[in-house]
>>> print(open('query-v7.txt').read())   # compact mmCIF, C-alpha atoms
# COMPACT_ATOMS: atom_id res chain seq x y z
CA MET Y 1155 13.36 2.11 38.42
CA GLU Y 1156 13.36 3.57 34.95
CA GLU Y 1157 9.96 4.81 33.85
CA GLY Y 1158 8.37 4.88 30.43
CA TYR Y 1159 8.41 2.38 27.62
CA ALA Y 1160 10.83 0.85 25.20
CA VAL Y 1161 10.03 -0.78 21.90
CA ILE Y 1162 11.85 -3.84 20.68
CA LEU Y 1163 12.09 -4.09 16.92
CA VAL Y 1164 12.30 -7.55 15.45
CA TYR Y 1165 12.86 -8.83 11.93
CA SER Y 1166 9.38 -10.04 11.04
CA THR Y 1167 5.78 -10.09 12.15
CA ALA Y 1168 6.18 -13.76 12.97
CA HIS Y 1169 9.05 -12.88 15.31
CA ALA Y 1170 6.96 -10.18 16.92
CA LEU Y 1171 4.28 -12.75 17.73
CA LYS Y 1172 6.87 -15.17 19.00
CA ALA Y 1173 8.37 -12.43 21.16
CA GLU Y 1174 4.97 -11.54 22.59
CA LYS Y 1175 4.26 -15.14 23.52
CA ALA Y 1176 7.68 -15.61 25.11
CA LEU Y 1177 7.33 -12.42 27.16
CA GLN Y 1178 3.81 -13.32 28.29
CA ARG Y 1179 5.04 -16.76 29.36
CA ALA Y 1180 7.78 -15.05 31.38
CA GLY Y 1181 5.19 -12.79 33.01
CA ILE Y 1182 6.55 -9.63 31.40
CA SER Y 1183 3.86 -7.18 30.43
CA CYS Y 1184 4.06 -6.20 26.78
CA LYS Y 1185 2.00 -4.93 23.90
CA LEU Y 1186 2.27 -5.55 20.18
CA ILE Y 1187 2.09 -2.14 18.50
CA PRO Y 1188 2.83 -0.66 15.07
CA VAL Y 1189 6.41 0.58 14.81
CA PRO Y 1190 6.25 4.27 15.82
CA ARG Y 1191 6.48 6.64 12.87
CA HIS Y 1192 9.60 8.39 14.15
CA ILE Y 1193 11.52 5.12 14.26
CA SER Y 1194 10.61 3.71 10.88
CA SER Y 1195 8.17 4.42 8.09
CA ASP Y 1196 7.78 0.70 7.50
CA CYS Y 1197 4.40 -0.77 8.25
CA GLY Y 1198 5.75 -3.14 10.84
CA VAL Y 1199 4.86 -4.26 14.31
CA CYS Y 1200 7.10 -4.24 17.34
CA VAL Y 1201 6.83 -5.15 20.98
CA ARG Y 1202 6.44 -2.45 23.58
CA ILE Y 1203 7.61 -3.18 27.10
CA ARG Y 1204 8.21 -1.16 30.23
CA ARG Y 1205 11.75 0.19 30.35
CA ALA Y 1206 12.13 -1.33 33.77
CA ASP Y 1207 11.67 -4.78 32.22
CA GLN Y 1208 14.05 -4.22 29.35
CA GLU Y 1209 17.02 -6.24 30.56
CA GLU Y 1210 14.94 -9.21 31.57
CA ALA Y 1211 12.88 -9.02 28.37
CA LEU Y 1212 15.96 -9.09 26.16
CA GLU Y 1213 17.21 -12.16 28.00
CA VAL Y 1214 13.88 -13.90 27.52
CA LEU Y 1215 13.87 -13.09 23.82
CA GLU Y 1216 17.42 -14.26 23.37
CA SER Y 1217 16.68 -17.61 24.90
CA ALA Y 1218 13.50 -17.86 22.84
CA GLY Y 1219 15.56 -17.35 19.70
CA VAL Y 1220 13.98 -14.07 18.71
CA GLY Y 1221 16.39 -11.88 16.74
CA ILE Y 1222 16.44 -8.24 17.87
CA GLU Y 1223 16.76 -5.52 15.27
CA GLY Y 1224 16.92 -2.71 17.77
CA VAL Y 1225 15.59 -1.26 21.01
CA HIS Y 1226 14.28 2.29 21.25
CA LYS Y 1227 13.01 4.34 24.15
CA VAL Y 1228 9.60 5.80 23.47
CA MET F 770 -26.87 23.86 -38.92
CA ILE F 771 -27.81 20.44 -40.25
CA THR F 772 -25.67 17.42 -39.63
CA ILE F 773 -26.43 14.22 -41.49
CA VAL F 774 -25.28 10.93 -40.02
CA ASP F 775 -25.85 7.40 -41.22
CA ASN F 776 -26.03 5.39 -38.01
CA ASP F 777 -27.39 5.45 -34.48
CA THR F 778 -24.07 5.59 -32.68
CA ALA F 779 -23.06 8.68 -34.60
CA ARG F 780 -26.45 10.20 -33.90
CA HIS F 781 -26.04 9.70 -30.15
CA ASN F 782 -22.52 11.05 -30.16
CA VAL F 783 -23.50 14.21 -31.98
CA LEU F 784 -26.60 14.65 -29.84
CA ARG F 785 -24.62 14.33 -26.66
CA MET F 786 -22.05 16.84 -27.82
CA VAL F 787 -24.43 19.52 -29.01
CA GLN F 788 -26.77 19.16 -26.04
CA LYS F 789 -23.81 19.58 -23.73
CA GLU F 790 -23.08 22.81 -25.58
CA GLY F 791 -26.60 23.99 -24.88
CA CYS F 792 -27.95 23.67 -28.44
CA ALA F 793 -31.43 22.54 -29.41
CA VAL F 794 -31.69 19.58 -31.77
CA GLU F 795 -34.47 18.31 -33.99
CA VAL F 796 -34.01 14.80 -35.35
CA GLU F 797 -35.51 13.68 -38.62
CA GLU F 798 -34.94 10.23 -40.10
CA LYS F 799 -34.92 10.32 -43.87
CA GLU F 800 -34.13 7.72 -46.47
CA ASP F 801 -30.63 9.01 -47.09
CA GLY F 802 -29.67 9.51 -43.46
CA ILE F 803 -30.48 10.91 -40.07
CA TYR F 804 -30.78 14.70 -40.16
CA LEU F 805 -29.89 16.58 -37.01
CA ARG F 806 -31.10 20.17 -37.18
CA ILE F 807 -29.05 21.99 -34.61
CA THR F 808 -29.86 25.48 -33.39
CA ARG F 809 -27.49 27.42 -31.26
CA GLY F 810 -28.78 27.79 -27.75
CA GLU F 811 -27.93 30.42 -25.23
CA THR F 812 -24.32 30.58 -24.21
CA PRO F 813 -23.92 27.68 -21.85
CA GLN F 814 -23.55 28.75 -18.30
CA GLU F 815 -20.22 28.20 -16.75
CA GLU F 816 -20.18 25.21 -14.53
CA PRO F 817 -20.06 26.14 -10.90
CA ALA F 818 -16.59 25.74 -9.43
CA PRO F 819 -16.24 22.41 -7.69
CA GLU F 820 -16.73 22.67 -3.99
CA THR F 821 -13.53 22.71 -2.08
CA ALA F 822 -13.07 19.82 0.27
CA LYS F 823 -14.83 20.70 3.46
CA PRO F 824 -15.12 18.45 6.42
CA ALA F 825 -18.63 17.06 6.41
CA ALA F 826 -20.86 18.45 9.10
CA GLY F 827 -21.89 16.00 11.73
CA PRO F 828 -20.18 13.35 13.79
CA LEU F 829 -17.38 11.11 12.60
CA VAL F 830 -18.47 7.52 13.07
CA LEU F 831 -16.17 4.53 12.84
CA VAL F 832 -17.79 1.15 12.24
CA VAL F 833 -16.07 -2.10 13.14
CA PRO F 834 -17.88 -5.01 11.48
CA SER F 835 -15.31 -7.68 12.27
CA GLU F 836 -12.86 -8.74 14.95
CA PHE F 837 -10.20 -8.61 12.22
CA MET F 838 -8.92 -5.76 10.10
CA GLY F 839 -9.39 -6.63 6.47
CA ARG F 840 -9.75 -10.03 4.92
CA GLY F 841 -7.14 -12.57 4.05
CA GLU F 842 -6.39 -16.20 4.52
CA HIS F 843 -4.70 -15.66 7.88
CA GLU F 844 -6.84 -14.47 10.77
CA GLU F 845 -3.73 -13.97 12.86
CA LEU F 846 -2.67 -11.11 10.61
CA GLY F 847 -6.12 -9.55 10.74
CA GLN F 848 -5.88 -9.58 14.51
CA ILE F 849 -2.40 -8.03 14.57
CA LEU F 850 -3.74 -5.25 12.37
CA VAL F 851 -6.82 -4.60 14.48
CA ARG F 852 -4.67 -4.40 17.60
CA GLY F 853 -2.30 -2.01 15.86
CA PHE F 854 -5.20 0.08 14.63
CA PHE F 855 -6.80 0.65 18.02
CA HIS F 856 -3.43 1.40 19.60
CA THR F 857 -2.73 3.96 16.87
CA LEU F 858 -6.20 5.49 17.15
CA GLY F 859 -5.13 6.78 20.55
CA GLU F 860 -2.23 8.64 18.95
CA VAL F 861 -3.75 10.23 15.85
CA GLU F 862 -6.40 12.81 15.06
CA PRO F 863 -9.23 13.33 14.60
CA LEU F 864 -10.75 10.99 17.12
CA PRO F 865 -14.04 9.50 16.00
CA ASP F 866 -17.09 10.73 17.90
CA THR F 867 -18.57 7.24 17.98
CA ILE F 868 -17.30 3.74 17.31
CA ILE F 869 -19.92 1.11 16.50
CA PHE F 870 -19.02 -2.55 16.85
CA PHE F 871 -21.20 -5.15 15.20
CA ASN F 872 -21.09 -8.69 13.89
CA SER F 873 -17.89 -10.37 15.14
CA GLY F 874 -16.50 -6.87 15.81
CA VAL F 875 -18.30 -7.00 19.18
CA LYS F 876 -15.72 -9.51 20.43
CA LEU F 877 -13.35 -6.55 20.62
CA VAL F 878 -15.31 -4.88 23.45
CA ALA F 879 -15.58 -8.03 25.55
CA GLU F 880 -13.40 -9.23 28.40
CA GLY F 881 -10.23 -10.82 27.14
CA SER F 882 -10.13 -8.75 23.97
CA PRO F 883 -6.64 -7.50 23.15
CA VAL F 884 -7.89 -3.96 22.53
CA VAL F 885 -9.98 -3.38 25.66
CA GLU F 886 -7.38 -1.11 27.26
CA ASP F 887 -7.06 0.99 24.11
CA LEU F 888 -10.84 1.29 23.90
CA LYS F 889 -11.07 2.31 27.55
CA GLY F 890 -8.54 5.05 26.84
CA LEU F 891 -10.63 6.27 23.91
CA ALA F 892 -13.81 6.17 26.00
CA GLU F 893 -12.11 8.26 28.69
CA ARG F 894 -11.34 10.85 26.03
CA GLY F 895 -15.01 11.10 25.15
CA VAL F 896 -15.37 8.61 22.31
CA GLU F 897 -18.77 6.95 22.47
CA ILE F 898 -18.48 3.19 22.11
CA LEU F 899 -21.55 1.24 21.03
CA ALA F 900 -21.76 -2.51 20.66
CA CYS F 901 -24.60 -4.27 18.90
CA GLY F 902 -26.71 -6.13 21.45
CA THR F 903 -27.93 -8.76 19.02
CA CYS F 904 -24.35 -9.58 18.14
CA LEU F 905 -23.22 -9.74 21.77
CA GLY F 906 -26.16 -12.06 22.44
CA TYR F 907 -25.28 -14.22 19.47
CA TYR F 908 -21.72 -14.66 20.73
CA GLU F 909 -22.94 -15.01 24.37
CA LEU F 910 -20.90 -12.00 25.40
CA LYS F 911 -23.66 -9.79 26.82
CA ASP F 912 -22.45 -10.15 30.40
CA LYS F 913 -18.81 -9.84 29.42
CA VAL F 914 -18.83 -6.34 27.97
CA ALA F 915 -15.69 -4.63 29.25
CA VAL F 916 -16.04 -1.25 27.58
CA GLY F 917 -18.80 0.83 26.00
CA GLU F 918 -22.55 0.44 25.93
CA VAL F 919 -24.78 -2.30 24.65
CA SER F 920 -26.76 -0.71 21.87
CA ASN F 921 -29.59 -1.65 19.55
CA MET F 922 -30.31 -1.40 15.85
CA TYR F 923 -32.37 1.79 16.26
CA THR F 924 -29.50 3.68 17.83
CA ILE F 925 -27.01 2.15 15.39
CA ALA F 926 -29.13 3.07 12.38
CA GLU F 927 -29.74 6.62 13.64
CA THR F 928 -26.09 7.13 14.47
CA LEU F 929 -25.06 6.04 11.00
CA LEU F 930 -27.69 8.12 9.24
CA ARG F 931 -26.91 11.26 11.23
CA ALA F 932 -23.17 10.93 10.74
CA GLY F 933 -21.19 13.51 8.82
CA LYS F 934 -18.81 10.77 7.81
CA VAL F 935 -18.75 7.02 8.32
CA VAL F 936 -15.47 5.18 8.18
CA SER F 937 -15.59 1.41 8.08
CA LEU F 938 -12.72 -0.66 9.31
>>> encode(input="query-v7.txt", output="structure tokens")
Amino acid sequence: MEEGYAVILVYSTAHALKAEKALQRAGISCKLIPVPRHISSDCGVCVRIRRADQEEALEVLESAGVGIEGVHKV
Amino acid sequence: MITIVDNDTARHNVLRMVQKEGCAVEVEEKEDGIYLRITRGETPQEEPAPETAKPAAGPLVLVVPSEFMGRGEHEELGQILVRGFFHTLGEVEPLPDTIIFFNSGVKLVAEGSPVVEDLKGLAERGVEILACGTCLGYYELKDKVAVGEVSNMYTIAETLLRAGKVVSL
């Protein structure tokens, strides 16, 4: 199982909240965090998940209608 | 040197200027004007160089007076920001020596708070976490404190007054 975290970047703060709720409903552990400095200098929030959950998380977000801007390993 | 002015504003302006230059001034109000008798003083001393920015001595104290970061019409945003802040606090320097939570800020140290794990991480790294007991009592959270110590106004006041620097969220 892949260790570490990944961050999922979304298009707005509202989407980040929506993503968090959808992931929590699906029982996927996640944390809303500021976008790491090395990824973007924007003052935005993104959703951090465990890398092991990445595939499942992206499916959950897709069916919840959350647009994904990008996924980065952190 | 005598300077004659005809109104109070001019008098004050001249006075301010010459006193700044270290001169002595005698003021005499006559019928035809205000006479300012100015005598050269000693060469004004050079102003001491401004102190270079030095970190203040004493602990760095962060105060958290609210469960939200900043004020605005949407509490949801204030909560996103506070969560982001405490996550980021674990990644930046310098760490505060003490964090004091009061007023609705105490909700952040209680069970169910979204920042409890971040605060536990900070506590493990030696950050002292104090929560106002009166406030916890007010919100009926005294038996739900998940991180830090229940403190009182004496300790809070002393911690603030002895701080080298206080940063308020």
>>> closest_atom_pairs(input="query-v7.txt", of="chain Y", to="chain F", cutoff="10 Å", atoms="only C-alpha atoms", output="JSON lines")
{"residue": "Y:Thr1167", "atom": "CA", "partner": "F:Leu846", "partner_atom": "CA", "distance": 8.6}
{"residue": "Y:Ala1168", "atom": "CA", "partner": "F:Leu846", "partner_atom": "CA", "distance": 9.5}
{"residue": "Y:Ala1170", "atom": "CA", "partner": "F:Ile849", "partner_atom": "CA", "distance": 9.9}
{"residue": "Y:Leu1171", "atom": "CA", "partner": "F:Ile849", "partner_atom": "CA", "distance": 8.8}
{"residue": "Y:Lys1185", "atom": "CA", "partner": "F:Pro883", "partner_atom": "CA", "distance": 9.0}
{"residue": "Y:Leu1186", "atom": "CA", "partner": "F:Gly853", "partner_atom": "CA", "distance": 7.2}
{"residue": "Y:Ile1187", "atom": "CA", "partner": "F:Gly853", "partner_atom": "CA", "distance": 5.1}
{"residue": "Y:Pro1188", "atom": "CA", "partner": "F:Gly853", "partner_atom": "CA", "distance": 5.4}
{"residue": "Y:Val1189", "atom": "CA", "partner": "F:Gly853", "partner_atom": "CA", "distance": 9.1}
{"residue": "Y:Pro1190", "atom": "CA", "partner": "F:Thr857", "partner_atom": "CA", "distance": 9.0}
{"residue": "Y:Gly1198", "atom": "CA", "partner": "F:Gly853", "partner_atom": "CA", "distance": 9.6}
{"residue": "Y:Val1199", "atom": "CA", "partner": "F:Gly853", "partner_atom": "CA", "distance": 7.7}
{"residue": "Y:Cys1200", "atom": "CA", "partner": "F:Gly853", "partner_atom": "CA", "distance": 9.8}
>>> residues_around(input="query-v7.txt", residues="region 911-914 of chain F", least_positions_apart="4", cutoff="10 Å", atoms="all atoms listed in the file", output="NGL selection string")
:F and (875-882 or 885 or 900-907 or 918-919)
>>> write_last_selection(input="query-v7.txt", atoms="C-alpha atoms", output="PDB file, keeping the file's coordinate frame")
ATOM      1  CA  VAL F 875     -18.300  -7.000  19.180  1.00  0.00           C
ATOM      2  CA  LYS F 876     -15.720  -9.510  20.430  1.00  0.00           C
ATOM      3  CA  LEU F 877     -13.350  -6.550  20.620  1.00  0.00           C
ATOM      4  CA  VAL F 878     -15.310  -4.880  23.450  1.00  0.00           C
ATOM      5  CA  ALA F 879     -15.580  -8.030  25.550  1.00  0.00           C
ATOM      6  CA  GLU F 880     -13.400  -9.230  28.400  1.00  0.00           C
ATOM      7  CA  GLY F 881     -10.230 -10.820  27.140  1.00  0.00           C
ATOM      8  CA  SER F 882     -10.130  -8.750  23.970  1.00  0.00           C
ATOM      9  CA  VAL F 885      -9.980  -3.380  25.660  1.00  0.00           C
ATOM     10  CA  ALA F 900     -21.760  -2.510  20.660  1.00  0.00           C
ATOM     11  CA  CYS F 901     -24.600  -4.270  18.900  1.00  0.00           C
ATOM     12  CA  GLY F 902     -26.710  -6.130  21.450  1.00  0.00           C
ATOM     13  CA  THR F 903     -27.930  -8.760  19.020  1.00  0.00           C
ATOM     14  CA  CYS F 904     -24.350  -9.580  18.140  1.00  0.00           C
ATOM     15  CA  LEU F 905     -23.220  -9.740  21.770  1.00  0.00           C
ATOM     16  CA  GLY F 906     -26.160 -12.060  22.440  1.00  0.00           C
ATOM     17  CA  TYR F 907     -25.280 -14.220  19.470  1.00  0.00           C
ATOM     18  CA  GLU F 918     -22.550   0.440  25.930  1.00  0.00           C
ATOM     19  CA  VAL F 919     -24.780  -2.300  24.650  1.00  0.00           C
TER      20      VAL F 919
END
>>> closest_residue(input="query-v7.txt", among="Y:Leu1215, Y:Val1220, Y:Cys1184, Y:Cys1197", to="Val1161 (chain Y)", atoms="all atoms listed in the file")
Y:Cys1184
>>> atom_distance(input="query-v7.txt", atom1="CA of Arg931 (chain F)", atom2="CA of Lys889 (chain F)")
24.4 Å
>>> atom_distance(input="query-v7.txt", atom1="CA of Leu929 (chain F)", atom2="CA of Ile898 (chain F)")
13.2 Å
>>> atom_distance(input="query-v7.txt", atom1="CA of Glu1213 (chain Y)", atom2="CA of Gln1178 (chain Y)")
13.5 Å
>>> closest_residue(input="query-v7.txt", among="Y:Tyr1159, Y:Asp1207, Y:Val1201, Y:Val1228", to="Ala1173 (chain Y)", atoms="only C-alpha atoms")
Y:Val1201
>>> residues_around(input="query-v7.txt", residues="Ala1211 (chain Y)", least_positions_apart="3", cutoff="12 Å", atoms="all atoms listed in the file", output="MDAnalysis selection string")
chainID Y and resid 1160:1162 1173:1184 1201:1208 1214:1218 1220 1222 1225
>>> closest_residue(input="query-v7.txt", among="F:Ala892, F:Ala779, F:Ile869, F:Met770", to="Leu829 (chain F)", atoms="only C-alpha atoms")
F:Ile869
>>> closest_residue(input="query-v7.txt", among="Y:Glu1210, Y:Arg1191, Y:Glu1157, Y:Leu1163", to="Gly1224 (chain Y)", atoms="all atoms listed in the file")
Y:Leu1163
>>> residues_around(input="query-v7.txt", residues="region 789-794 of chain F", least_positions_apart="5", cutoff="6 Å", atoms="all atoms listed in the file", output="number ranges by chain")
F: 806-810, 813
>>> closest_residue(input="query-v7.txt", among="F:Leu891, F:Arg785, F:Leu899, F:Gly827", to="Glu862 (chain F)", atoms="all atoms listed in the file")
F:Leu891
>>> build_atoms(input="query-v7.txt", residues="region 1162-1193 of chain Y", atoms="N, CA and C atoms", output="short mmCIF file (atom, residue, chain, number, x, y, z; two decimals), in the frame of the given file")
data_model
loop_
_atom_site.label_atom_id
_atom_site.label_comp_id
_atom_site.auth_asym_id
_atom_site.auth_seq_id
_atom_site.Cartn_x
_atom_site.Cartn_y
_atom_site.Cartn_z
N ILE Y 1162 10.87 -2.90 21.22
CA ILE Y 1162 11.85 -3.84 20.68
C ILE Y 1162 11.46 -4.14 19.25
N LEU Y 1163 12.35 -3.80 18.34
CA LEU Y 1163 12.09 -4.09 16.92
C LEU Y 1163 12.66 -5.45 16.57
N VAL Y 1164 11.87 -6.22 15.86
CA VAL Y 1164 12.30 -7.55 15.45
C VAL Y 1164 12.25 -7.63 13.92
N TYR Y 1165 12.67 -8.77 13.37
CA TYR Y 1165 12.86 -8.83 11.93
C TYR Y 1165 11.61 -9.19 11.13
N SER Y 1166 10.59 -9.69 11.79
CA SER Y 1166 9.38 -10.04 11.04
C SER Y 1166 8.18 -10.04 11.98
N THR Y 1167 7.01 -10.02 11.37
CA THR Y 1167 5.78 -10.09 12.15
C THR Y 1167 5.70 -11.40 12.93
N ALA Y 1168 6.19 -12.46 12.30
CA ALA Y 1168 6.18 -13.76 12.97
C ALA Y 1168 7.05 -13.70 14.23
N HIS Y 1169 8.19 -13.03 14.13
CA HIS Y 1169 9.05 -12.88 15.31
C HIS Y 1169 8.40 -12.02 16.38
N ALA Y 1170 7.65 -11.03 15.95
CA ALA Y 1170 6.96 -10.18 16.92
C ALA Y 1170 5.95 -11.00 17.73
N LEU Y 1171 5.25 -11.89 17.03
CA LEU Y 1171 4.28 -12.75 17.73
C LEU Y 1171 4.99 -13.72 18.67
N LYS Y 1172 6.10 -14.25 18.18
CA LYS Y 1172 6.87 -15.17 19.00
C LYS Y 1172 7.40 -14.45 20.25
N ALA Y 1173 7.85 -13.22 20.04
CA ALA Y 1173 8.37 -12.43 21.16
C ALA Y 1173 7.26 -12.17 22.19
N GLU Y 1174 6.08 -11.82 21.69
CA GLU Y 1174 4.97 -11.54 22.59
C GLU Y 1174 4.64 -12.76 23.44
N LYS Y 1175 4.60 -13.92 22.77
CA LYS Y 1175 4.26 -15.14 23.52
C LYS Y 1175 5.33 -15.45 24.56
N ALA Y 1176 6.59 -15.31 24.18
CA ALA Y 1176 7.68 -15.61 25.11
C ALA Y 1176 7.63 -14.67 26.32
N LEU Y 1177 7.36 -13.39 26.06
CA LEU Y 1177 7.33 -12.42 27.16
C LEU Y 1177 6.14 -12.70 28.08
N GLN Y 1178 4.99 -13.02 27.47
CA GLN Y 1178 3.81 -13.32 28.29
C GLN Y 1178 4.07 -14.54 29.16
N ARG Y 1179 4.71 -15.55 28.58
CA ARG Y 1179 5.04 -16.76 29.36
C ARG Y 1179 5.94 -16.41 30.54
N ALA Y 1180 6.84 -15.44 30.32
CA ALA Y 1180 7.78 -15.05 31.38
C ALA Y 1180 7.15 -14.05 32.35
N GLY Y 1181 5.88 -13.71 32.11
CA GLY Y 1181 5.19 -12.79 33.01
C GLY Y 1181 5.60 -11.34 32.83
N ILE Y 1182 6.16 -11.02 31.66
CA ILE Y 1182 6.55 -9.63 31.40
C ILE Y 1182 5.44 -8.95 30.58
N SER Y 1183 4.96 -7.85 31.11
CA SER Y 1183 3.86 -7.18 30.43
C SER Y 1183 4.36 -6.52 29.15
N CYS Y 1184 3.62 -6.73 28.07
CA CYS Y 1184 4.06 -6.20 26.78
C CYS Y 1184 2.85 -5.95 25.90
N LYS Y 1185 3.09 -5.22 24.83
CA LYS Y 1185 2.00 -4.93 23.90
C LYS Y 1185 2.57 -4.89 22.49
N LEU Y 1186 1.87 -5.58 21.60
CA LEU Y 1186 2.27 -5.55 20.18
C LEU Y 1186 1.71 -4.26 19.58
N ILE Y 1187 2.58 -3.41 19.07
CA ILE Y 1187 2.09 -2.14 18.50
C ILE Y 1187 2.76 -1.89 17.15
N PRO Y 1188 2.16 -1.03 16.32
CA PRO Y 1188 2.83 -0.66 15.07
C PRO Y 1188 4.14 0.07 15.41
N VAL Y 1189 5.14 -0.11 14.58
CA VAL Y 1189 6.41 0.58 14.81
C VAL Y 1189 6.14 2.09 14.76
N PRO Y 1190 6.52 2.82 15.82
CA PRO Y 1190 6.25 4.27 15.82
C PRO Y 1190 6.84 4.96 14.59
N ARG Y 1191 6.12 5.95 14.11
CA ARG Y 1191 6.48 6.64 12.87
C ARG Y 1191 7.88 7.24 12.92
N HIS Y 1192 8.30 7.73 14.08
CA HIS Y 1192 9.60 8.39 14.15
C HIS Y 1192 10.75 7.39 14.12
N ILE Y 1193 10.45 6.12 14.30
CA ILE Y 1193 11.52 5.12 14.26
C ILE Y 1193 11.66 4.54 12.87
#
